[in-house]
Amino acid sequence: MSVPKRQLILGTAGHIDHGKTTLVAKLTGVDTDRLPEEQRRGMTIDIGFAKLMLGDYELGIVDVPGHERFVRNMLAGATGNDLAMLVVAADDSVMPQTREHLEILKLLDLQFGVVVITKCDLVEEDLLELVEQEVHELVVGTFLDGAAIVRTSATDGAGIDELRSQIFKVCNQIEAGSISGISRMAVDRCFVVKGQGTVVTGSVASGLIRIGDEMELLPTGQRLRVRSLQSHDQVMEYVQQGQRAAIGLGGVHHRQVERGNELATIGYLKPTRLITATLTVSRSSPWPVKHRSQVRLHIGTGQVVATITLFSVNKLMPGETATVQLHLADPITVTCGQPFVIRQVSPVSTLGGGLVLQSTPARIARNNLAQIQQAELFGLQKSRDRAVAAIRSYGMSAWTDLDLCRDAKIDIDQVAAILSQLRSMGIMVDLPIGPQRIDRLHQKTITELSERIVESVKRYLVDHALQACVPRAVLAEQIRSHCDDALFIVLLQELADDGQVLLDGDTVALPDYVPQMDKIEQLLYQSVLKAYQTGGFQPPAPAELAQKHETPLPLVRQMIDLAVTQNKLKHLGGSLYLCAEVEKILRARVSKAIIQSGGMTISQIRQLLATSRKFAVPLCEYLDRQGITCRQGDIRVLGVRARELERVVR
């Protein structure tokens, strides 16, 4: 059984007419200029593709145009490259697009490559040495510093074997990673094949894609079935990361797909119109980048107009780096750590580039140092640290393992181990909310929301000085913008268990809290309590107390509500209140009498309580609601709750 070859993507770069396409043809035997106009003009306009077999490696070559008008196509082709081949013509030496292409490769975070000097048969040796010296000076301080410089000639094939050898050596330097469990491919072409329908091509960035897989097309969110697979005209059962692929899709018209779209594992990518990133302005940029300036963002195989927000400065000079936010004219899909390039809209030139920090962030206020520092945590080296930053950013929102992979730049196979570490460290908490719901929250998020709940109680009591508690419904409404009702109930109970709040029915109070009253209010409060204590089973109505004390009725009602929250009074319904001790006597006296007699009428209960029918009726109805009594026709018998209490006593 043959061992599968390792898949890598090799991209070309260099000035127009420096022989990139001819060089690829010499290496592979494939002319990548597929468009009729390219063949007519002898100039590469769009990206082309070929396959190169080198020992244990199968390289997909992406040939890019060198003309400055087609740099946008070069950027689309450079996405996802594992190594680069910078091409310089001996008869032209280093030219503007040579420099710009190299700068773009640096901005796209490429780490490996070779330099090729073409057309060496057209110049003398002394000029060739000068060209080679210029190339050395060009690559100093870049990823090509120290890379092999191979002299070639397409005319006689000189140096082609040496070039293959040097490419092979570079391939050996690239560390082999495991195949990700998440599939992703940026689309660089879309067309129709007769008998197959819509076909998209691209370089597989991660994972495996198999025939029959259901994938998501972004940013539209359509779910599509993979109907066929090819790689360099060879029918495949699957394609994998580092491989060029042509994917036949069912359920979508080719006009619904365009360059820059992505195919991915369902649920992995999310469309966004705002990203947070680190941005470096190229030292070679002719202009600084200003706050609110409009640029063209190149990321993946797509491009979109973006407006830059700078936080602490009004402009970034060439060579400077800062954390920024990019506001996008159209939705795109990105992941943490993904490289990008920005170019001036007009006149067109490369300004700089950087790495995505947050793929779906909240808007950051200018000069908000805390928010900026939180965003910068996504650039940390350790996967665990980025995971902590992501979970913190989710707040109370639900998230999936795929969300964490996208936002923290970790593979799906790492998630379980990282989350286990965070649980053991007490950083992440699994909070049971219901039978089928467990919220995964950062401990600081829980602490902040709990503190917010307590602060809301305090604030309410300050605003309502004569109240000792907050209605739960009012508190829930104040917190609803921060969490849903189910999570609020769980956190409120935890606060009660910790002794930070007191729960009593439908109210929330603070331990040892005493409402602040002036002397007049204190006298009124004591007078209200005394009136109910002496009133017994014929208590006064709030309006009667207001008239008696020549006090506004709302103030009297506040005093009564305060007494209820302090368990001094019991609200029986409507405007009927009883002293708490009297209410206890009511329960005990009526229960005992019914146990002895087997049942009582309202008239008998009225006589038992020495009250009038005006009060006896609502008192009996209250006892019915409490389960102390139960009405059977005109008779009250012992209620369910009273019978349970009786059994407990016995």
# chains A, B, ... in the order shown; residues from 1 in each chain; ligands from 1

$ residues_around --residues "Thr307 (chain A)" --least-positions-apart "5" --cutoff "6 Å" --atoms "only C-alpha atoms" --output "list in words"
Arg292, Ser293, Gln294, Leu326 and His327 of chain A

$ residues_around --residues "Gly337 (chain A)" --least-positions-apart "6" --cutoff "7 Å" --atoms "only C-alpha atoms" --output "number ranges by chain"
A: 355-357, 409

$ write_last_selection --atoms "N, CA and C atoms" --output "PDB file, in the first residue's frame"
ATOM      1  N   LEU A 355      -2.964  40.765  11.602  1.00  0.00           N
ATOM      2  CA  LEU A 355      -3.643  39.529  11.987  1.00  0.00           C
ATOM      3  C   LEU A 355      -4.952  39.851  12.686  1.00  0.00           C
ATOM      4  N   VAL A 356      -5.961  39.052  12.422  1.00  0.00           N
ATOM      5  CA  VAL A 356      -7.257  39.205  13.084  1.00  0.00           C
ATOM      6  C   VAL A 356      -7.126  38.799  14.546  1.00  0.00           C
ATOM      7  N   LEU A 357      -7.668  39.608  15.439  1.00  0.00           N
ATOM      8  CA  LEU A 357      -7.741  39.255  16.860  1.00  0.00           C
ATOM      9  C   LEU A 357      -9.121  38.695  17.190  1.00  0.00           C
ATOM     10  N   LYS A 409      -8.470  30.408  17.856  1.00  0.00           N
ATOM     11  CA  LYS A 409      -7.441  29.792  17.018  1.00  0.00           C
ATOM     12  C   LYS A 409      -6.931  28.490  17.628  1.00  0.00           C
TER      13      LYS A 409
END

$ atom_distance --atom1 "CA of Gly159 (chain A)" --atom2 "CA of Lys51 (chain A)"
19.1 Å

$ residues_around --residues "region 113-119 of chain A" --least-positions-apart "6" --cutoff "7 Å" --atoms "only C-alpha atoms" --output "MDAnalysis selection string"
chainID A and resid 18:19 83:91 144 147:154 167 170

$ closest_residue --among "A:Lys530, A:Lys592, A:Arg283, A:Lys194" --to "Ala580 (chain A)" --atoms "only C-alpha atoms"
A:Lys530

$ residues_around --residues "Cys630 (chain A)" --least-positions-apart "3" --cutoff "10 Å" --atoms "only C-alpha atoms" --output "ChimeraX atom specification"
/A:599,620-621,623-627,633,635-642

$ select_by_dssp --residues "region 324-491 of chain A" --states "strand (DSSP E or B)" --output "MDAnalysis selection string"
chainID A and resid 324:332 339:344 350:358 428:434 437:442 469:471
